[in-house]
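Here's the structure, in structure tokens; my notes come after.
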Amino acid sequence: MKRSNEPVFWGLFGAGGMVAALLTPVLILITGILAPMGAVDFSFARVDAFASNILGGLIIWAAVSFPLWLSLHRLYHCLHDFGVHAGNGVKAAFYGAAALGTVAAAYLLLF
Amino acid sequence: MSKRKPYVRKMGSTWWTKNNFHTMYIVRELSSLVILAYSVILLFGLNALRGGEAAFDAWFAGLTNPLAIVFHVITLLWTLYHATTWFSLAPKAANLWIGENRVADNVITGSLYAVLGGVTVIGLLIAFVL
Amino acid sequence: MSQVMKVEIQRYRPELDKEPFWQSYDVPYTKEMSVLEALAYIKDELDPTLSYRWSCRMAICGSCGMMVNGVPKLGCKTFLRDYPQGMKIEALANFPIERDLVVDMSDFIAKLEAIKPYIIRETEQTPEDGCSIQTPKEMEQYRQFSMCINCGLCYAACPQYGLNDKFMGPAALALLHRYNNDTRDEGKEERMAFLNAHEGAWGCTFVGYCSDVCPKKVDPAAAIQLGKVDSAKDYVIAMLKPGE
């Protein structure tokens with residue numbers, strides 16, 4: 001039997017599951033509900049200052065990247081659950097998208 | 001001569017509609033749809049933030065659309081559902097011992113809920129106070 | 001006072017039928033009657049052609065697994081009183097139907113055997129060597145997983161096994177975990193290949209239904225997640241020491 005390379009994706013999926021369960025809910029509440037309804041000051045200057053702070057930047061990076069690994073991992077396996085037997089190309093596209101989002105978030109925060 | 005003729009039942013793609021437990025499994029897995037969408041929205045927001053004030057304000061204006069707010073309410077609820085399933089299954093993937101005693105499942109699950117509560121309070125403090 | 005329940009049973013007679021069909025029986029029952037006893041009543045009093053497996057009648061032999069209203073159950077441990085709306089009984093899901101409620105479990109048995117479910121020693125111990133002492137903590141690492149009665153309910157609950165029968169499945173992986181975590185065992189290396197494979201622990205998506213249906217309160221889902229942790233560690237070690 002061939003060794004699976006799943007441990008790599010499973011590790012990232014696990015980290016993503018934790019971030020999505022612990023951090024994402026309050027972020028959705030702030031950016032998606034409270035700020036648009038005017039309850040929270042969400043001005044450019046304030047958000048820019050938060051993102052420029054090292055800790056703030058790390059929080060944003062974690063909130064963008066890890067849930068990508070969670071969700072794309074689950075959706076890839078869901079294809080199989082729905083009877084779609086996707087090949088390695090689709091697998092590469094799903095995890096490639098997660099990697100791309102991870103790198104893009106880091107790039108946007110750093111440069 | 002053998003009269004054996006085993007009958008193999010096909011699962012099809014709607015198997016998860018026939019059993020509640022399986023349905024809730026798919027509901028759990030499909031929370032990924034809104035979680036993915038939210039990550040992408042944040043990524044676009046980050047890109048807009050780096051594009052300057054006008055770009056950021058345009059992105060934020062999109063979030064104030066009532067449909068966007070409804071979407072975020074659904075996303076919040078579905079993500080919280082993910083959190084409850086994640087916390088209740090977490091003890092199975094952990095084999096934690098303190099001395100000769102295994103850490104009870106409800107201690108692990110309870111701790112995760114406590115962390116969620118703590119992170120939420122800190123997040124709201126940052127949003128409202130700082 | 002006895003009531004009458006309409007019990008629907010999925011029949012399949014390989015020499016006559018192209019596919020299974022439903023047949024309905026009226027079974028008088030009392031509060032104490034199990035599904036297995038209802039099947040016995042049908043076979044003795046209504047229809048001697050009905051086939052089903054049973055032996056111990058007390059949830060230890062693992063023979064009478066079947067689907068009751070779509071849920072994997074042991075016939076001996078399921079009671080008519082809990083189904084006032086009536087019941088539909090079907091052969092255990094995810095296995096080929098041999099006849100009526102009898103399924104072909106040979107794939108399941110082969111998987112249980114494949115993972116070497118016995119203590120492996122580098123050098124055999126004899127009674128003269130004395131006892132193998134284990135602490136309560138060491139025993140707790142595997143005890144619950146040794147309670148499996150090989151009834152197959154967890155395979156009927158597992159959509160991943162249903163979708164792809166190459167998957168080792170809950171009971172075999174739980175048994176693998178049981179022996180890998182027994183301090184008396186020295187055969188872990190011989191079992192890791194099964195755990196590390198796509199068809200091993202990594203074929204599981206943590207649906208968790210296997211643990212929910214287990215009539216002996218074994219938690220195969222936990223064994224598999226802990227197996228994934230073991231396999232992930234093994235993956236890292238293999239990366240650091242290529243060629244071994």
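Starting from 1 in every chain, residues are counted up; chains themselves are A, B, ... following the order of the structure tokens, and ligands are numbered from 1 as listed.
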* Pick out the residues sitting within 8 Å of B:Val119, and hand them over as a PyMOL selection string; count only C-alpha atoms, and ignore anything fewer than 2 positions along from it in its own chain. => (chain A and resi 22-23+26) or (chain B and resi 115-117+121-123)
I need the residues from that last selection saved to file as an mmCIF file, in the first residue's frame (with all heavy atoms), if you can.
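Once everything was written out, this is result.cif:
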data_model
loop_
_atom_site.group_PDB
_atom_site.id
_atom_site.type_symbol
_atom_site.label_atom_id
_atom_site.label_comp_id
_atom_site.auth_asym_id
_atom_site.auth_seq_id
_atom_site.Cartn_x
_atom_site.Cartn_y
_atom_site.Cartn_z
ATOM 1 N N LEU A 22 -12.381 29.374 16.291
ATOM 2 C CA LEU A 22 -12.080 30.250 17.421
ATOM 3 C C LEU A 22 -12.044 31.731 17.050
ATOM 4 O O LEU A 22 -12.494 32.585 17.812
ATOM 5 C CB LEU A 22 -10.730 29.850 18.048
ATOM 6 C CG LEU A 22 -10.664 28.452 18.656
ATOM 7 C CD1 LEU A 22 -9.239 28.119 19.078
ATOM 8 C CD2 LEU A 22 -11.607 28.323 19.843
ATOM 9 N N LEU A 23 -11.482 32.036 15.876
ATOM 10 C CA LEU A 23 -11.233 33.436 15.517
ATOM 11 C C LEU A 23 -12.242 33.990 14.506
ATOM 12 O O LEU A 23 -12.679 35.137 14.619
ATOM 13 C CB LEU A 23 -9.793 33.545 14.945
ATOM 14 C CG LEU A 23 -9.356 34.895 14.410
ATOM 15 C CD1 LEU A 23 -9.336 35.941 15.522
ATOM 16 C CD2 LEU A 23 -7.969 34.792 13.773
ATOM 17 N N VAL A 26 -15.866 35.952 15.518
ATOM 18 C CA VAL A 26 -15.863 37.349 15.960
ATOM 19 C C VAL A 26 -15.495 38.288 14.801
ATOM 20 O O VAL A 26 -16.023 39.397 14.705
ATOM 21 C CB VAL A 26 -14.948 37.554 17.188
ATOM 22 C CG1 VAL A 26 -13.469 37.415 16.835
ATOM 23 C CG2 VAL A 26 -15.189 38.937 17.796
ATOM 24 N N VAL B 115 -12.136 29.379 25.148
ATOM 25 C CA VAL B 115 -11.220 30.128 24.280
ATOM 26 C C VAL B 115 -12.019 30.924 23.242
ATOM 27 O O VAL B 115 -11.732 32.110 22.994
ATOM 28 C CB VAL B 115 -10.213 29.179 23.575
ATOM 29 C CG1 VAL B 115 -9.364 29.945 22.558
ATOM 30 C CG2 VAL B 115 -9.320 28.505 24.608
ATOM 31 N N LEU B 116 -13.051 30.287 22.657
ATOM 32 C CA LEU B 116 -13.894 31.012 21.695
ATOM 33 C C LEU B 116 -14.504 32.253 22.343
ATOM 34 O O LEU B 116 -14.492 33.348 21.763
ATOM 35 C CB LEU B 116 -15.003 30.095 21.159
ATOM 36 C CG LEU B 116 -16.102 30.766 20.315
ATOM 37 C CD1 LEU B 116 -15.504 31.364 19.034
ATOM 38 C CD2 LEU B 116 -17.206 29.783 19.949
ATOM 39 N N GLY B 117 -15.009 32.076 23.569
ATOM 40 C CA GLY B 117 -15.586 33.212 24.285
ATOM 41 C C GLY B 117 -14.548 34.299 24.540
ATOM 42 O O GLY B 117 -14.809 35.488 24.314
ATOM 43 N N VAL B 121 -14.568 38.113 23.058
ATOM 44 C CA VAL B 121 -14.588 39.299 23.925
ATOM 45 C C VAL B 121 -13.423 40.231 23.589
ATOM 46 O O VAL B 121 -13.604 41.445 23.425
ATOM 47 C CB VAL B 121 -14.556 38.882 25.421
ATOM 48 C CG1 VAL B 121 -14.284 40.088 26.310
ATOM 49 C CG2 VAL B 121 -15.871 38.213 25.805
ATOM 50 N N ILE B 122 -12.214 39.653 23.439
ATOM 51 C CA ILE B 122 -11.040 40.476 23.111
ATOM 52 C C ILE B 122 -11.246 41.170 21.762
ATOM 53 O O ILE B 122 -10.977 42.369 21.609
ATOM 54 C CB ILE B 122 -9.760 39.612 23.092
ATOM 55 C CG1 ILE B 122 -9.450 39.115 24.507
ATOM 56 C CG2 ILE B 122 -8.570 40.402 22.543
ATOM 57 C CD1 ILE B 122 -8.367 38.048 24.565
ATOM 58 N N GLY B 123 -11.761 40.423 20.795
ATOM 59 C CA GLY B 123 -12.003 40.989 19.462
ATOM 60 C C GLY B 123 -12.964 42.168 19.538
ATOM 61 O O GLY B 123 -12.736 43.222 18.927
#
* With a distance cut-off of 10 Å and only C-alpha atoms, select the neighbouring residues of A:Tyr76, excluding the residue or stretch itself and same-chain residues fewer than 2 positions from it, and output the selection as a PyMOL selection string. => chain A and resi 71-74+78-81+84-86+90-91+93-95
What does the file look like for those residues with N, CA and C atoms, as a PDB file, in the first residue's frame?
ATOM      1  N   SER A  71     -11.333  24.903   4.273  1.00  0.00           N
ATOM      2  CA  SER A  71     -12.508  24.822   3.400  1.00  0.00           C
ATOM      3  C   SER A  71     -12.197  24.104   2.095  1.00  0.00           C
ATOM      4  N   LEU A  72     -11.040  24.373   1.513  1.00  0.00           N
ATOM      5  CA  LEU A  72     -10.741  23.715   0.233  1.00  0.00           C
ATOM      6  C   LEU A  72     -10.459  22.223   0.432  1.00  0.00           C
ATOM      7  N   HIS A  73      -9.882  21.867   1.573  1.00  0.00           N
ATOM      8  CA  HIS A  73      -9.682  20.453   1.914  1.00  0.00           C
ATOM      9  C   HIS A  73     -11.037  19.743   2.018  1.00  0.00           C
ATOM     10  N   ARG A  74     -11.961  20.375   2.749  1.00  0.00           N
ATOM     11  CA  ARG A  74     -13.272  19.744   2.925  1.00  0.00           C
ATOM     12  C   ARG A  74     -14.044  19.677   1.610  1.00  0.00           C
ATOM     13  N   CYS A  78     -15.501  16.557  -0.305  1.00  0.00           N
ATOM     14  CA  CYS A  78     -16.947  16.548  -0.573  1.00  0.00           C
ATOM     15  C   CYS A  78     -17.251  16.111  -2.013  1.00  0.00           C
ATOM     16  N   LEU A  79     -16.369  16.461  -2.926  1.00  0.00           N
ATOM     17  CA  LEU A  79     -16.566  16.035  -4.315  1.00  0.00           C
ATOM     18  C   LEU A  79     -16.721  14.522  -4.352  1.00  0.00           C
ATOM     19  N   HIS A  80     -15.822  13.833  -3.637  1.00  0.00           N
ATOM     20  CA  HIS A  80     -15.864  12.370  -3.556  1.00  0.00           C
ATOM     21  C   HIS A  80     -17.186  11.912  -2.922  1.00  0.00           C
ATOM     22  N   ASP A  81     -17.609  12.627  -1.847  1.00  0.00           N
ATOM     23  CA  ASP A  81     -18.860  12.274  -1.177  1.00  0.00           C
ATOM     24  C   ASP A  81     -20.062  12.384  -2.114  1.00  0.00           C
ATOM     25  N   VAL A  84     -18.262  12.537  -7.260  1.00  0.00           N
ATOM     26  CA  VAL A  84     -17.378  13.078  -8.290  1.00  0.00           C
ATOM     27  C   VAL A  84     -15.954  12.639  -7.938  1.00  0.00           C
ATOM     28  N   HIS A  85     -15.372  11.777  -8.753  1.00  0.00           N
ATOM     29  CA  HIS A  85     -14.053  11.261  -8.427  1.00  0.00           C
ATOM     30  C   HIS A  85     -12.995  12.064  -9.169  1.00  0.00           C
ATOM     31  N   ALA A  86     -12.662  13.203  -8.521  1.00  0.00           N
ATOM     32  CA  ALA A  86     -11.733  14.143  -9.133  1.00  0.00           C
ATOM     33  C   ALA A  86     -10.319  13.578  -9.102  1.00  0.00           C
ATOM     34  N   VAL A  90      -7.515  18.281 -10.198  1.00  0.00           N
ATOM     35  CA  VAL A  90      -8.465  19.026  -9.359  1.00  0.00           C
ATOM     36  C   VAL A  90      -7.885  19.215  -7.960  1.00  0.00           C
ATOM     37  N   LYS A  91      -7.232  18.163  -7.461  1.00  0.00           N
ATOM     38  CA  LYS A  91      -6.613  18.239  -6.139  1.00  0.00           C
ATOM     39  C   LYS A  91      -5.568  19.358  -6.126  1.00  0.00           C
ATOM     40  N   ALA A  93      -5.462  21.934  -8.049  1.00  0.00           N
ATOM     41  CA  ALA A  93      -6.137  23.231  -8.186  1.00  0.00           C
ATOM     42  C   ALA A  93      -6.670  23.694  -6.826  1.00  0.00           C
ATOM     43  N   PHE A  94      -7.293  22.765  -6.068  1.00  0.00           N
ATOM     44  CA  PHE A  94      -7.874  23.131  -4.763  1.00  0.00           C
ATOM     45  C   PHE A  94      -6.776  23.570  -3.784  1.00  0.00           C
ATOM     46  N   TYR A  95      -5.758  22.730  -3.635  1.00  0.00           N
ATOM     47  CA  TYR A  95      -4.722  23.066  -2.656  1.00  0.00           C
ATOM     48  C   TYR A  95      -3.830  24.190  -3.185  1.00  0.00           C
TER      49      TYR A  95
END
* To do: Using only C-alpha atoms, select each residue of chain B with any atom at most 7 Å away from an atom of chain A, and give the selection as a VMD selection string.
  => chain B and resid 12 to 13 29 32 to 33 35 to 36 39 42 to 43 46 to 47 49 to 50 53 56 63 to 64 69 72 76 79 to 80 82 to 83 115 to 116 119 to 120 123 127 to 128
When the cut-off is 7 Å and we count only C-alpha atoms, which residues of chain C are near chain A, given as a PDB file with N, CA and C atoms, in the first residue's frame?
ATOM      1  N   ALA C 193       2.056   0.464   7.405  1.00  0.00           N
ATOM      2  CA  ALA C 193       1.771   0.640   5.978  1.00  0.00           C
ATOM      3  C   ALA C 193       0.257   0.727   5.734  1.00  0.00           C
ATOM      4  N   PHE C 194      -0.515  -0.064   6.507  1.00  0.00           N
ATOM      5  CA  PHE C 194      -1.984  -0.025   6.353  1.00  0.00           C
ATOM      6  C   PHE C 194      -2.540   1.315   6.834  1.00  0.00           C
ATOM      7  N   ASN C 196      -0.897   4.226   7.083  1.00  0.00           N
ATOM      8  CA  ASN C 196      -0.380   5.359   6.326  1.00  0.00           C
ATOM      9  C   ASN C 196      -1.007   5.534   4.945  1.00  0.00           C
ATOM     10  N   ALA C 197      -1.679   4.485   4.466  1.00  0.00           N
ATOM     11  CA  ALA C 197      -2.179   4.514   3.094  1.00  0.00           C
ATOM     12  C   ALA C 197      -3.414   5.401   2.950  1.00  0.00           C
ATOM     13  N   HIS C 198      -3.668   5.812   1.725  1.00  0.00           N
ATOM     14  CA  HIS C 198      -4.902   6.527   1.412  1.00  0.00           C
ATOM     15  C   HIS C 198      -6.115   5.684   1.811  1.00  0.00           C
ATOM     16  N   TRP C 202      -6.300   7.633   6.291  1.00  0.00           N
ATOM     17  CA  TRP C 202      -6.538   8.838   5.492  1.00  0.00           C
ATOM     18  C   TRP C 202      -7.766   8.739   4.604  1.00  0.00           C
ATOM     19  N   ALA C 232       0.812  10.742  10.911  1.00  0.00           N
ATOM     20  CA  ALA C 232       1.447  12.021  10.592  1.00  0.00           C
ATOM     21  C   ALA C 232       2.856  12.088  11.179  1.00  0.00           C
TER      22      ALA C 232
END
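Separating atom CA of B:Phe87 from atom CA of B:Ile108 is a distance of 7.9 Å.
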* **Residue contacts of C:Gly75 (6 Å, only C-alpha atoms) excluding same-chain residues fewer than 3 positions away, as number ranges by chain** => C: 35-36, 64, 78
* Between C:Ala221, C:Asp234, C:Leu163, C:Gln10, which one has atoms that come closest to B:Pro91, using only C-alpha atoms? ->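 Among the listed residues, C:Ala221 lies closest to B:Pro91.
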Interface, chain C side, toward chain B (10 Å; only C-alpha atoms) as a compact mmCIF listing (two decimals) with N, CA, C and O atoms, in the first residue's frame:
# COMPACT_ATOMS: atom_id res chain seq x y z
N TYR C 12 -34.62 -10.66 -0.71
CA TYR C 12 -33.87 -10.89 -1.95
C TYR C 12 -33.55 -12.37 -2.04
O TYR C 12 -32.88 -12.93 -1.17
N ARG C 13 -34.11 -13.00 -3.08
CA ARG C 13 -33.87 -14.43 -3.29
C ARG C 13 -33.07 -14.56 -4.58
O ARG C 13 -33.62 -14.37 -5.67
N PRO C 14 -31.77 -14.84 -4.48
CA PRO C 14 -30.88 -14.73 -5.64
C PRO C 14 -31.32 -15.62 -6.81
O PRO C 14 -31.12 -15.25 -7.97
N GLU C 15 -31.97 -16.78 -6.51
CA GLU C 15 -32.34 -17.68 -7.61
C GLU C 15 -33.61 -17.22 -8.31
O GLU C 15 -33.92 -17.68 -9.39
N LEU C 16 -34.34 -16.25 -7.70
CA LEU C 16 -35.62 -15.82 -8.28
C LEU C 16 -35.64 -14.34 -8.67
O LEU C 16 -36.28 -13.95 -9.65
N ASP C 17 -34.94 -13.50 -7.85
CA ASP C 17 -35.14 -12.05 -7.98
C ASP C 17 -33.97 -11.37 -8.69
O ASP C 17 -32.81 -11.71 -8.49
N LYS C 18 -34.31 -10.36 -9.48
CA LYS C 18 -33.28 -9.52 -10.09
C LYS C 18 -32.79 -8.50 -9.09
O LYS C 18 -31.63 -8.11 -9.08
N GLU C 19 -33.73 -8.02 -8.26
CA GLU C 19 -33.35 -7.05 -7.24
C GLU C 19 -34.24 -7.23 -6.01
O GLU C 19 -35.28 -7.88 -6.07
N PRO C 20 -33.85 -6.64 -4.86
CA PRO C 20 -34.63 -6.81 -3.63
C PRO C 20 -36.03 -6.18 -3.75
O PRO C 20 -36.23 -5.27 -4.56
N ASN C 69 -35.09 0.87 10.03
CA ASN C 69 -35.44 2.24 9.61
C ASN C 69 -34.20 3.03 9.19
O ASN C 69 -34.02 4.18 9.58
N GLY C 70 -33.32 2.37 8.46
CA GLY C 70 -32.15 3.05 7.90
C GLY C 70 -30.98 3.21 8.84
O GLY C 70 -29.99 3.84 8.48
N VAL C 71 -31.09 2.65 10.05
CA VAL C 71 -30.01 2.78 11.04
C VAL C 71 -29.43 1.40 11.34
O VAL C 71 -30.19 0.45 11.59
N ALA C 93 -26.29 -2.24 5.45
CA ALA C 93 -25.88 -1.42 4.31
C ALA C 93 -24.40 -1.60 3.99
O ALA C 93 -23.61 -2.03 4.83
N ASN C 94 -24.05 -1.27 2.78
CA ASN C 94 -22.65 -1.25 2.29
C ASN C 94 -22.04 -2.63 2.10
O ASN C 94 -20.86 -2.74 1.74
N PHE C 95 -22.81 -3.70 2.35
CA PHE C 95 -22.33 -5.05 2.07
C PHE C 95 -23.21 -5.67 0.98
O PHE C 95 -24.40 -5.36 0.90
N PRO C 96 -22.64 -6.54 0.13
CA PRO C 96 -23.47 -7.22 -0.87
C PRO C 96 -24.50 -8.11 -0.17
O PRO C 96 -24.18 -8.76 0.83
N ILE C 97 -25.74 -8.11 -0.68
CA ILE C 97 -26.78 -8.97 -0.09
C ILE C 97 -26.67 -10.37 -0.67
O ILE C 97 -26.72 -10.56 -1.89
N GLU C 98 -26.51 -11.33 0.21
CA GLU C 98 -26.44 -12.74 -0.22
C GLU C 98 -27.86 -13.27 -0.40
O GLU C 98 -28.20 -13.85 -1.43
N ARG C 99 -28.69 -13.07 0.64
CA ARG C 99 -30.10 -13.50 0.58
C ARG C 99 -30.84 -12.78 1.72
O ARG C 99 -30.37 -12.79 2.86
N VAL C 102 -29.22 -11.57 4.93
CA VAL C 102 -27.87 -12.13 5.05
C VAL C 102 -26.95 -11.41 4.07
O VAL C 102 -27.25 -11.33 2.88
N VAL C 103 -25.84 -10.87 4.61
CA VAL C 103 -24.91 -10.17 3.72
C VAL C 103 -23.59 -10.94 3.62
O VAL C 103 -23.30 -11.82 4.43
N ASP C 104 -22.80 -10.59 2.61
CA ASP C 104 -21.48 -11.16 2.41
C ASP C 104 -20.46 -10.27 3.11
O ASP C 104 -20.21 -9.14 2.69
N THR C 135 0.27 -0.95 33.49
CA THR C 135 -0.39 -0.04 34.42
C THR C 135 -1.81 0.20 33.93
O THR C 135 -2.10 -0.04 32.74
N PRO C 136 -2.70 0.68 34.80
CA PRO C 136 -4.06 1.01 34.34
C PRO C 136 -4.03 1.99 33.15
O PRO C 136 -4.82 1.86 32.21
N LYS C 137 -3.11 2.94 33.19
CA LYS C 137 -3.02 3.92 32.10
C LYS C 137 -2.63 3.24 30.78
O LYS C 137 -3.20 3.54 29.74
N GLU C 138 -1.70 2.29 30.88
CA GLU C 138 -1.30 1.56 29.66
C GLU C 138 -2.45 0.74 29.10
O GLU C 138 -2.64 0.65 27.89
N GLU C 140 -5.64 1.42 29.50
CA GLU C 140 -6.69 2.31 28.98
C GLU C 140 -6.43 2.74 27.53
O GLU C 140 -7.33 3.18 26.84
N GLN C 141 -5.16 2.66 27.08
CA GLN C 141 -4.83 3.08 25.72
C GLN C 141 -5.53 2.20 24.68
O GLN C 141 -5.73 2.61 23.55
N ALA C 157 -22.45 2.03 8.69
CA ALA C 157 -22.66 3.45 9.02
C ALA C 157 -21.72 4.35 8.23
O ALA C 157 -21.96 5.55 8.11
N CYS C 158 -20.64 3.77 7.70
CA CYS C 158 -19.56 4.58 7.13
C CYS C 158 -19.76 4.86 5.65
O CYS C 158 -19.65 3.95 4.82
N PRO C 159 -20.04 6.13 5.28
CA PRO C 159 -20.21 6.42 3.85
C PRO C 159 -18.91 6.24 3.07
O PRO C 159 -18.94 5.91 1.88
N GLY C 162 -18.79 2.78 2.06
CA GLY C 162 -19.82 2.58 1.04
C GLY C 162 -19.41 3.13 -0.31
O GLY C 162 -19.71 2.56 -1.37
N LEU C 163 -18.71 4.27 -0.29
CA LEU C 163 -18.31 4.90 -1.54
C LEU C 163 -17.10 4.21 -2.17
O LEU C 163 -16.94 4.20 -3.39
N THR C 205 -13.10 10.64 6.71
CA THR C 205 -13.38 12.08 6.76
C THR C 205 -14.07 12.46 8.08
O THR C 205 -14.69 13.51 8.17
N PHE C 206 -13.94 11.59 9.09
CA PHE C 206 -14.45 11.89 10.42
C PHE C 206 -15.95 12.22 10.42
O PHE C 206 -16.39 13.20 11.00
N VAL C 207 -16.70 11.35 9.77
CA VAL C 207 -18.15 11.48 9.81
C VAL C 207 -18.62 11.24 11.26
O VAL C 207 -19.46 11.95 11.79
N GLY C 208 -18.02 10.20 11.87
CA GLY C 208 -18.29 9.94 13.29
C GLY C 208 -19.47 9.02 13.55
O GLY C 208 -19.74 8.67 14.70
N TYR C 209 -20.18 8.59 12.48
CA TYR C 209 -21.38 7.78 12.67
C TYR C 209 -21.01 6.37 13.16
O TYR C 209 -21.79 5.73 13.86
N ASP C 212 -21.20 6.27 16.75
CA ASP C 212 -22.57 6.47 17.20
C ASP C 212 -23.38 5.16 17.16
O ASP C 212 -24.21 4.93 18.04
N ASP C 219 -15.22 3.29 20.16
CA ASP C 219 -15.19 4.58 19.47
C ASP C 219 -14.18 4.52 18.32
O ASP C 219 -13.08 5.05 18.41
N PRO C 220 -14.57 3.85 17.21
CA PRO C 220 -13.61 3.71 16.10
C PRO C 220 -13.16 5.07 15.55
O PRO C 220 -12.01 5.22 15.16
N ALA C 221 -14.07 6.06 15.56
CA ALA C 221 -13.71 7.38 15.03
C ALA C 221 -12.53 7.96 15.82
O ALA C 221 -11.61 8.54 15.24
N ALA C 222 -12.54 7.76 17.14
CA ALA C 222 -11.42 8.24 17.96
C ALA C 222 -10.14 7.49 17.60
O ALA C 222 -9.08 8.09 17.45
N ALA C 223 -10.26 6.15 17.46
CA ALA C 223 -9.08 5.34 17.12
C ALA C 223 -8.48 5.83 15.80
O ALA C 223 -7.25 5.92 15.66
N ILE C 224 -9.33 6.14 14.83
CA ILE C 224 -8.82 6.56 13.52
C ILE C 224 -8.17 7.93 13.59
O ILE C 224 -7.12 8.16 12.99
N GLN C 225 -8.76 8.87 14.37
CA GLN C 225 -8.13 10.19 14.47
C GLN C 225 -6.78 10.08 15.17
O GLN C 225 -5.80 10.71 14.76
N LEU C 226 -6.71 9.25 16.23
CA LEU C 226 -5.42 9.04 16.90
C LEU C 226 -4.46 8.32 15.96
O LEU C 226 -3.24 8.58 15.98
N GLY C 227 -5.01 7.45 15.10
CA GLY C 227 -4.19 6.79 14.08
C GLY C 227 -3.63 7.80 13.09
O GLY C 227 -2.49 7.68 12.63
N LYS C 228 -4.43 8.82 12.74
CA LYS C 228 -3.94 9.86 11.84
C LYS C 228 -2.77 10.61 12.49
O LYS C 228 -1.79 10.93 11.81
N VAL C 229 -2.88 10.87 13.80
CA VAL C 229 -1.78 11.54 14.50
C VAL C 229 -0.52 10.67 14.44
O VAL C 229 0.57 11.15 14.09
